[in-house]
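S.K.: So that you have it, the file is final_37.pdb, and it contains PDB, C-alpha atoms:
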```pdb
ATOM      1  CA  MET A   1      95.884 173.996  76.620
ATOM      2  CA  ASN A   2      92.817 174.006  78.772
ATOM      3  CA  THR A   3      90.595 170.941  78.832
ATOM      4  CA  LEU A   4      86.955 171.852  79.374
ATOM      5  CA  THR A   5      85.062 169.357  81.511
ATOM      6  CA  ASN A   6      82.188 171.448  82.838
ATOM      7  CA  LYS A   7      79.156 170.592  80.703
ATOM      8  CA  ASN A   8      77.268 173.533  82.190
ATOM      9  CA  ILE A   9      79.749 176.114  80.957
ATOM     10  CA  ASN A  10      78.077 179.230  79.572
ATOM     11  CA  ILE A  11      78.256 179.187  75.764
ATOM     12  CA  GLU A  12      78.536 182.968  75.492
ATOM     13  CA  GLU A  13      81.376 182.969  77.993
ATOM     14  CA  LEU A  14      83.098 180.267  75.976
ATOM     15  CA  ALA A  15      82.855 182.377  72.843
ATOM     16  CA  GLU A  16      84.015 185.590  74.496
ATOM     17  CA  ASN A  17      87.067 183.779  75.876
ATOM     18  CA  HIS A  18      87.832 182.345  72.418
ATOM     19  CA  THR A  19      88.184 178.879  73.874
ATOM     20  CA  ALA A  20      88.395 175.656  71.887
ATOM     21  CA  THR A  21      86.930 172.435  73.268
ATOM     22  CA  SER A  22      88.763 169.962  71.017
ATOM     23  CA  ILE A  23      91.809 169.691  68.771
ATOM     24  CA  GLU A  24      89.529 168.352  66.041
ATOM     25  CA  THR A  25      87.371 170.766  64.088
ATOM     26  CA  PRO A  26      83.787 169.958  65.169
ATOM     27  CA  LEU A  27      82.101 168.435  62.115
ATOM     28  CA  ARG A  28      78.892 166.450  61.744
ATOM     29  CA  PRO A  29      79.076 162.902  60.313
ATOM     30  CA  ASP A  30      77.183 164.088  57.213
ATOM     31  CA  ALA A  31      79.474 167.074  56.640
ATOM     32  CA  PHE A  32      80.430 165.946  53.144
ATOM     33  CA  ASP A  33      77.168 164.469  51.915
ATOM     34  CA  LEU A  34      76.455 167.588  49.866
ATOM     35  CA  THR A  35      78.517 168.673  46.878
ATOM     36  CA  ASN A  36      80.113 172.117  46.906
ATOM     37  CA  GLU A  37      77.507 173.275  44.409
ATOM     38  CA  GLU A  38      74.695 172.115  46.695
ATOM     39  CA  LYS A  39      76.312 173.833  49.666
ATOM     40  CA  ILE A  40      76.638 177.052  47.696
ATOM     41  CA  GLU A  41      72.932 176.993  46.869
ATOM     42  CA  ARG A  42      71.999 176.437  50.516
ATOM     43  CA  VAL A  43      74.317 179.143  51.825
ATOM     44  CA  LYS A  44      73.024 181.484  49.130
ATOM     45  CA  LYS A  45      69.445 180.942  50.294
ATOM     46  CA  SER A  46      70.379 181.302  53.959
ATOM     47  CA  PHE A  47      72.340 184.486  53.388
ATOM     48  CA  SER A  48      69.483 185.923  51.354
ATOM     49  CA  ASP A  49      67.271 185.306  54.384
ATOM     50  CA  ILE A  50      69.770 187.091  56.646
ATOM     51  CA  MET A  51      69.948 190.105  54.355
ATOM     52  CA  GLU A  52      66.170 190.286  54.038
ATOM     53  CA  THR A  53      65.797 190.003  57.818
ATOM     54  CA  LEU A  54      68.135 192.978  58.147
ATOM     55  CA  GLY A  55      65.792 194.925  55.860
ATOM     56  CA  LEU A  56      67.998 195.023  52.761
ATOM     57  CA  ASP A  57      66.421 195.227  49.315
ATOM     58  CA  LEU A  58      67.745 192.303  47.279
ATOM     59  CA  THR A  59      66.246 193.728  44.093
ATOM     60  CA  ASP A  60      68.827 196.523  44.217
ATOM     61  CA  ASP A  61      71.523 196.120  41.541
ATOM     62  CA  SER A  62      74.305 196.395  44.119
ATOM     63  CA  LEU A  63      72.871 193.727  46.436
ATOM     64  CA  ARG A  64      71.268 191.268  44.029
ATOM     65  CA  GLY A  65      74.372 189.135  43.577
ATOM     66  CA  THR A  66      75.668 189.364  47.148
ATOM     67  CA  PRO A  67      74.180 186.099  48.496
ATOM     68  CA  ASN A  68      75.766 184.128  45.651
ATOM     69  CA  ARG A  69      79.115 185.884  46.066
ATOM     70  CA  VAL A  70      79.143 185.217  49.805
ATOM     71  CA  ALA A  71      78.141 181.577  49.316
ATOM     72  CA  LYS A  72      80.974 180.940  46.856
ATOM     73  CA  LEU A  73      83.402 182.802  49.111
ATOM     74  CA  PHE A  74      82.467 180.648  52.107
ATOM     75  CA  VAL A  75      82.501 177.272  50.352
ATOM     76  CA  ASN A  76      85.345 177.705  47.848
ATOM     77  CA  GLU A  77      87.677 180.033  49.740
ATOM     78  CA  PHE A  78      87.212 180.928  53.408
ATOM     79  CA  PHE A  79      86.201 177.443  54.565
ATOM     80  CA  ALA A  80      87.681 175.224  51.864
ATOM     81  CA  GLY A  81      89.869 173.622  54.534
ATOM     82  CA  LEU A  82      86.848 171.851  55.988
ATOM     83  CA  ASN A  83      86.917 169.433  53.065
ATOM     84  CA  PRO A  84      89.674 166.784  53.352
ATOM     85  CA  LYS A  85      89.787 166.626  49.552
ATOM     86  CA  THR A  86      91.522 170.028  49.579
ATOM     87  CA  LYS A  87      94.250 168.881  51.958
ATOM     88  CA  PRO A  88      97.669 169.399  50.328
ATOM     89  CA  LYS A  89      99.815 166.349  49.768
ATOM     90  CA  ALA A  90     102.750 166.678  52.141
ATOM     91  CA  THR A  91     105.460 165.318  49.849
ATOM     92  CA  VAL A  92     108.618 164.488  51.776
ATOM     93  CA  PHE A  93     112.089 163.562  50.567
ATOM     94  CA  ASP A  94     115.076 161.748  51.963
ATOM     95  CA  ASN A  95     117.432 164.077  53.782
ATOM     96  CA  LYS A  96     120.316 163.332  51.412
ATOM     97  CA  PHE A  97     122.362 166.290  52.640
ATOM     98  CA  LYS A  98     122.216 164.888  56.176
ATOM     99  CA  TYR A  99     121.153 168.313  57.388
ATOM    100  CA  ASN A 100     120.478 167.785  61.085
ATOM    101  CA  GLN A 101     120.017 171.339  62.310
ATOM    102  CA  MET A 102     116.851 173.316  62.773
ATOM    103  CA  LEU A 103     114.910 174.374  59.679
ATOM    104  CA  VAL A 104     112.725 177.426  60.231
ATOM    105  CA  GLU A 105     109.990 178.754  57.958
ATOM    106  CA  LYS A 106     108.852 182.073  59.415
ATOM    107  CA  ASN A 107     106.316 184.788  58.629
ATOM    108  CA  ILE A 108     103.860 182.431  56.948
ATOM    109  CA  ARG A 109     100.692 184.436  56.328
ATOM    110  CA  VAL A 110      97.675 183.250  58.301
ATOM    111  CA  VAL A 111      94.169 184.253  57.200
ATOM    112  CA  SER A 112      91.414 182.466  59.066
ATOM    113  CA  ASN A 113      88.041 183.140  60.664
ATOM    114  CA  CYS A 114      87.021 182.975  64.311
ATOM    115  CA  GLU A 115      84.466 180.208  64.798
ATOM    116  CA  HIS A 116      82.676 182.202  67.504
ATOM    117  CA  HIS A 117      81.897 185.334  65.481
ATOM    118  CA  PHE A 118      82.948 184.445  61.907
ATOM    119  CA  LEU A 119      85.273 187.440  61.813
ATOM    120  CA  PRO A 120      88.805 187.368  60.363
ATOM    121  CA  ILE A 121      91.943 186.224  62.168
ATOM    122  CA  ILE A 122      95.016 187.637  60.411
ATOM    123  CA  GLY A 123      98.624 187.108  61.355
ATOM    124  CA  LYS A 124     101.790 185.062  60.910
ATOM    125  CA  ALA A 125     102.855 181.518  61.654
ATOM    126  CA  HIS A 126     106.439 180.473  62.386
ATOM    127  CA  VAL A 127     107.263 176.791  61.957
ATOM    128  CA  ALA A 128     110.414 174.778  62.628
ATOM    129  CA  TYR A 129     111.480 171.151  62.566
ATOM    130  CA  ILE A 130     114.609 169.064  62.952
ATOM    131  CA  SER A 131     114.863 166.268  60.418
ATOM    132  CA  THR A 132     115.208 162.673  61.548
ATOM    133  CA  GLY A 133     115.556 161.422  57.989
ATOM    134  CA  SER A 134     112.970 163.288  55.934
ATOM    135  CA  VAL A 135     112.540 166.850  54.697
ATOM    136  CA  ILE A 136     109.477 168.558  53.262
ATOM    137  CA  GLY A 137     109.208 171.055  50.410
ATOM    138  CA  LEU A 138     109.122 174.557  51.856
ATOM    139  CA  SER A 139     105.934 175.566  50.045
ATOM    140  CA  LYS A 140     104.179 172.522  51.537
ATOM    141  CA  ILE A 141     104.626 173.996  55.013
ATOM    142  CA  ASN A 142     102.823 177.142  53.853
ATOM    143  CA  ARG A 143     100.077 175.050  52.271
ATOM    144  CA  ILE A 144      99.549 173.027  55.458
ATOM    145  CA  VAL A 145      99.167 176.276  57.418
ATOM    146  CA  GLU A 146      96.748 177.611  54.793
ATOM    147  CA  TYR A 147      94.699 174.387  54.773
ATOM    148  CA  TYR A 148      94.001 174.441  58.508
ATOM    149  CA  ALA A 149      93.444 178.197  58.504
ATOM    150  CA  LYS A 150      90.694 177.852  55.865
ATOM    151  CA  ARG A 151      88.027 176.766  58.304
ATOM    152  CA  PRO A 152      86.219 178.339  61.253
ATOM    153  CA  GLN A 153      88.977 178.291  63.848
ATOM    154  CA  VAL A 154      90.219 178.905  67.343
ATOM    155  CA  GLN A 155      93.877 179.876  67.333
ATOM    156  CA  GLU A 156      94.919 177.257  69.882
ATOM    157  CA  ARG A 157      93.397 174.501  67.753
ATOM    158  CA  LEU A 158      94.947 175.884  64.567
ATOM    159  CA  THR A 159      98.401 175.832  66.162
ATOM    160  CA  ARG A 160      98.054 172.234  67.331
ATOM    161  CA  GLN A 161      96.616 171.017  64.026
ATOM    162  CA  ILE A 162      99.592 172.430  62.117
ATOM    163  CA  LEU A 163     102.038 170.856  64.552
ATOM    164  CA  ASN A 164     100.390 167.425  64.488
ATOM    165  CA  ASP A 165     100.169 167.362  60.702
ATOM    166  CA  LEU A 166     103.864 168.183  60.330
ATOM    167  CA  LYS A 167     104.840 165.583  62.920
ATOM    168  CA  ALA A 168     102.931 162.931  60.996
ATOM    169  CA  ALA A 169     104.253 164.000  57.593
ATOM    170  CA  LEU A 170     107.896 164.176  58.691
ATOM    171  CA  ASN A 171     107.758 161.227  61.077
ATOM    172  CA  THR A 172     109.420 163.286  63.788
ATOM    173  CA  GLU A 173     108.490 164.695  67.176
ATOM    174  CA  ASP A 174     110.877 167.611  66.728
ATOM    175  CA  VAL A 175     108.451 170.293  65.551
ATOM    176  CA  ALA A 176     107.583 173.790  66.789
ATOM    177  CA  VAL A 177     104.766 176.138  65.760
ATOM    178  CA  VAL A 178     104.084 179.705  66.892
ATOM    179  CA  VAL A 179     101.129 181.744  65.621
ATOM    180  CA  ASP A 180     100.866 185.499  66.230
ATOM    181  CA  ALA A 181      97.591 186.964  65.001
ATOM    182  CA  LYS A 182      95.051 189.735  65.410
ATOM    183  CA  HIS A 183      91.408 188.774  65.906
ATOM    184  CA  GLN A 184      88.841 191.097  64.382
ATOM    185  CA  CYS A 185      86.354 189.993  67.027
ATOM    186  CA  VAL A 186      88.698 191.781  69.466
ATOM    187  CA  THR A 187      89.726 194.743  67.328
ATOM    188  CA  ILE A 188      86.376 195.827  65.823
ATOM    189  CA  ARG A 189      83.836 194.665  68.429
ATOM    190  CA  GLY A 190      83.674 194.134  72.165
ATOM    191  CA  ILE A 191      86.764 195.661  73.745
ATOM    192  CA  LYS A 192      87.838 197.137  70.358
ATOM    193  CA  ASP A 193      91.550 196.844  71.124
ATOM    194  CA  GLU A 194      93.355 197.462  67.846
ATOM    195  CA  GLU A 195      96.880 197.000  69.210
ATOM    196  CA  SER A 196      96.801 193.597  70.892
ATOM    197  CA  SER A 197      97.609 190.318  69.194
ATOM    198  CA  THR A 198      97.289 186.724  70.336
ATOM    199  CA  VAL A 199     100.305 184.407  70.454
ATOM    200  CA  THR A 200      99.929 180.635  70.694
ATOM    201  CA  MET A 201     102.672 178.042  70.589
ATOM    202  CA  GLU A 202     103.091 174.292  70.508
ATOM    203  CA  TYR A 203     106.392 172.470  70.972
ATOM    204  CA  SER A 204     107.275 168.804  70.846
ATOM    205  CA  GLY A 205     110.372 166.625  70.897
ATOM    206  CA  LYS A 206     113.646 168.549  71.106
ATOM    207  CA  PHE A 207     111.787 171.847  71.186
ATOM    208  CA  LEU A 208     110.677 171.066  74.725
ATOM    209  CA  ASN A 209     114.305 171.776  75.634
ATOM    210  CA  GLU A 210     114.578 175.403  76.729
ATOM    211  CA  ASP A 211     117.804 176.100  74.815
ATOM    212  CA  VAL A 212     116.427 174.697  71.541
ATOM    213  CA  ARG A 213     113.209 176.644  72.038
ATOM    214  CA  LYS A 214     115.133 179.886  72.667
ATOM    215  CA  GLU A 215     117.163 179.298  69.504
ATOM    216  CA  PHE A 216     113.963 178.938  67.483
ATOM    217  CA  LEU A 217     112.386 182.051  68.993
ATOM    218  CA  GLY A 218     115.580 183.967  68.295
ATOM    219  CA  TYR A 219     115.315 183.118  64.611
ATOM    220  CA  VAL A 220     111.736 184.439  64.473
ATOM    221  CA  ASN A 221     112.653 187.481  66.572
ATOM    222  CA  MET A 222     110.235 186.766  69.397
ATOM    223  CA  GLU A 223     110.806 187.095  73.119
ATOM    224  CA  LEU A 224     108.578 184.675  75.010
TER     225      LEU A 224
END
```
Translate this file's structure into structure tokens.

M.R.:
Amino acid sequence: MNTLTNKNINIEELAENHTATSIETPLRPDAFDLTNEEKIERVKKSFSDIMETLGLDLTDDSLRGTPNRVAKLFVNEFFAGLNPKTKPKATVFDNKFKYNQMLVEKNIRVVSNCEHHFLPIIGKAHVAYISTGSVIGLSKINRIVEYYAKRPQVQERLTRQILNDLKAALNTEDVAVVVDAKHQCVTIRGIKDEESSTVTMEYSGKFLNEDVRKEFLGYVNMEL
């Protein structure tokens, strides 16, 4: 991952390169002072202003409810992962079967939004870990991926956040995460390349070993 140290970096260039500046999602200290209902009202007003600025007639039957629908979509769905209260409980269990091989959960659906253009990121995540004493319910892996995807994101950050959360939950360094996704800010604007996808990966512990990493990638049918 690149570490950005140049404070004079051009913000537009940063956005066009889809670059993250921190593993933590950038949030203000007062991010949770408002209730969801209060946030919905504010987003509703702001989106009404955007629509009116674009020249749309909000008295039209088709458009009248759009600001409210968008506000609820943003707060309750698309960006629900910003609120730590929605974080899934990563219940783990003792590895009573003494299973000490790789466990792979692949093709986990990823639906997120690019923080630079607020356009969708859609793809798949592949996750693996090797137990050192604990195992996690399979659906919890999917929920962890979903939680971090439900916020304005950069794919590199998303990949690292998933990896770090699983490491903490399982108390192991032996975790791998690969995300393969299409960015609508690439496919429908700018270069408008509909075929390309972006692949990011993070490995720790035993997955830093080339043979273990190749085994994992073989299971998810990727050649990297």

S.K.: I want to know what sits within 10 Å of Met222 in chain A, based on all atoms listed in the file, with residues of the same chain fewer than 4 positions away left out; could you give that as a list in words?

M.R.: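 Using all atoms listed in the file, the neighbours found are Val178, Asp180, Lys214, Phe216, Leu217 and Gly218 of chain A.
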
S.K.: From the set A:Val145, A:Ala128, A:Ala90, A:Ala80, which residue has the shortest atom-to-atom contact distance to Met102 in chain A, counting only C-alpha atoms?

M.R.: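 Among the listed residues, A:Ala128 lies closest to Met102 in chain A.
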
S.K.: Calculated over all atoms listed in the file, which of the candidates A:Ser131, A:Arg160, A:His126, A:Ile121 has the smallest distance to Ile188 in chain A?

M.R.: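 Counting all atoms listed in the file, the residue closest to Ile188 in chain A is A:Ile121.
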
S.K.: Provide the CA of Tyr99 in chain A to CA of Asn164 in chain A distance in Å, to one decimal place.

M.R.: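 CA of Asn164 in chain A lies 22.0 Å from CA of Tyr99 in chain A.
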
S.K.: Just checking: using only C-alpha atoms, which residue out of A:Met51, A:Ile130, A:Ala149, A:Val186 ends up closest to Ser204 in chain A?

M.R.: A:Ile130

S.K.: Leaving out Asn171 in chain A and any residue of its chain fewer than 6 positions from it, which residues lie within 9 Å of it when counting only C-alpha atoms, given as a PyMOL selection string?

M.R.: chain A and resi 131-134

S.K.: So that I have them on file, write out the residues from the current selection with C-alpha atoms, as a PDB file, in the frame of the given file.

M.R.:
```pdb
ATOM      1  CA  SER A 131     114.863 166.268  60.418  1.00  0.00           C
ATOM      2  CA  THR A 132     115.208 162.673  61.548  1.00  0.00           C
ATOM      3  CA  GLY A 133     115.556 161.422  57.989  1.00  0.00           C
ATOM      4  CA  SER A 134     112.970 163.288  55.934  1.00  0.00           C
TER       5      SER A 134
END
```

S.K.: For the provided coordinates, the residues matched by the PyMOL selection byres ((chain A and resi 48) around 12) should be stated as a PyMOL selection string.

M.R.: chain A and resi 40-47+49-59+63-71

S.K.: Which residue gives the smallest distance to Ala181 in chain A among A:Met201, A:Leu163, A:Ile23, A:Val135, with all atoms listed in the file counted?

M.R.: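 Comparing A:Met201, A:Leu163, A:Ile23, A:Val135 against Ala181 in chain A, the winner is A:Met201.
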
S.K.: For CA of Leu82 in chain A and CA of Pro26 in chain A, determine how far apart the two atoms are, in Å to one decimal place.

M.R.: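 We find that CA of Leu82 in chain A and CA of Pro26 in chain A lie 9.9 Å from each other.
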
S.K.: Take CA of Lys106 in chain A and CA of Gln155 in chain A and report the distance between them in Å, one decimal.

M.R.: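 If I compute the distance from CA of Lys106 in chain A to CA of Gln155 in chain A, I get 17.1 Å.
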
S.K.: To test your reading of the syntax: which residues would the PyMOL selection byres ((chain A and resi 32) around 12) return for the file shown? Reply as a PyMOL selection string.

M.R.: chain A and resi 27-31+33-39+75+80+82-85

S.K.: Determine the nearest neighbour of Pro88 in chain A from the options A:Asn107, A:Ser139, A:Ser196, A:Thr25, counting only C-alpha atoms.

M.R.: A:Ser139

S.K.: List the spatial neighbours of Lys206 in chain A as a ChimeraX atom specification - criterion: any atom at most 10 Å away, only C-alpha atoms, same-chain residues fewer than 3 positions off excluded.

M.R.: /A:129-130,172-176,203,209-213

S.K.: The PyMOL selection byres ((chain A and resi 153) around 9) - which residues does that actually catch in the file I just gave you? List them as a list in words.

M.R.: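 Output of the PyMOL selection byres ((chain A and resi 153) around 9): Ala20, Thr25, Ser112, Asn113, Cys114, Glu115, His116, Phe118, Ile121, Tyr148, Ala149, Lys150, Arg151, Pro152, Val154, Gln155, Glu156, Arg157 and Leu158 of chain A.
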
S.K.: Tell me, as a PDB file with C-alpha atoms, keeping the file's coordinate frame, which residues lie within 10 Å of Asp193 in chain A, counting only C-alpha atoms; anything in the same chain fewer than 4 positions away does not count.

M.R.:
```pdb
ATOM      1  CA  LYS A 182      95.051 189.735  65.410  1.00  0.00           C
ATOM      2  CA  HIS A 183      91.408 188.774  65.906  1.00  0.00           C
ATOM      3  CA  GLN A 184      88.841 191.097  64.382  1.00  0.00           C
ATOM      4  CA  CYS A 185      86.354 189.993  67.027  1.00  0.00           C
ATOM      5  CA  VAL A 186      88.698 191.781  69.466  1.00  0.00           C
ATOM      6  CA  THR A 187      89.726 194.743  67.328  1.00  0.00           C
ATOM      7  CA  ILE A 188      86.376 195.827  65.823  1.00  0.00           C
ATOM      8  CA  ARG A 189      83.836 194.665  68.429  1.00  0.00           C
ATOM      9  CA  SER A 197      97.609 190.318  69.194  1.00  0.00           C
TER      10      SER A 197
END
```
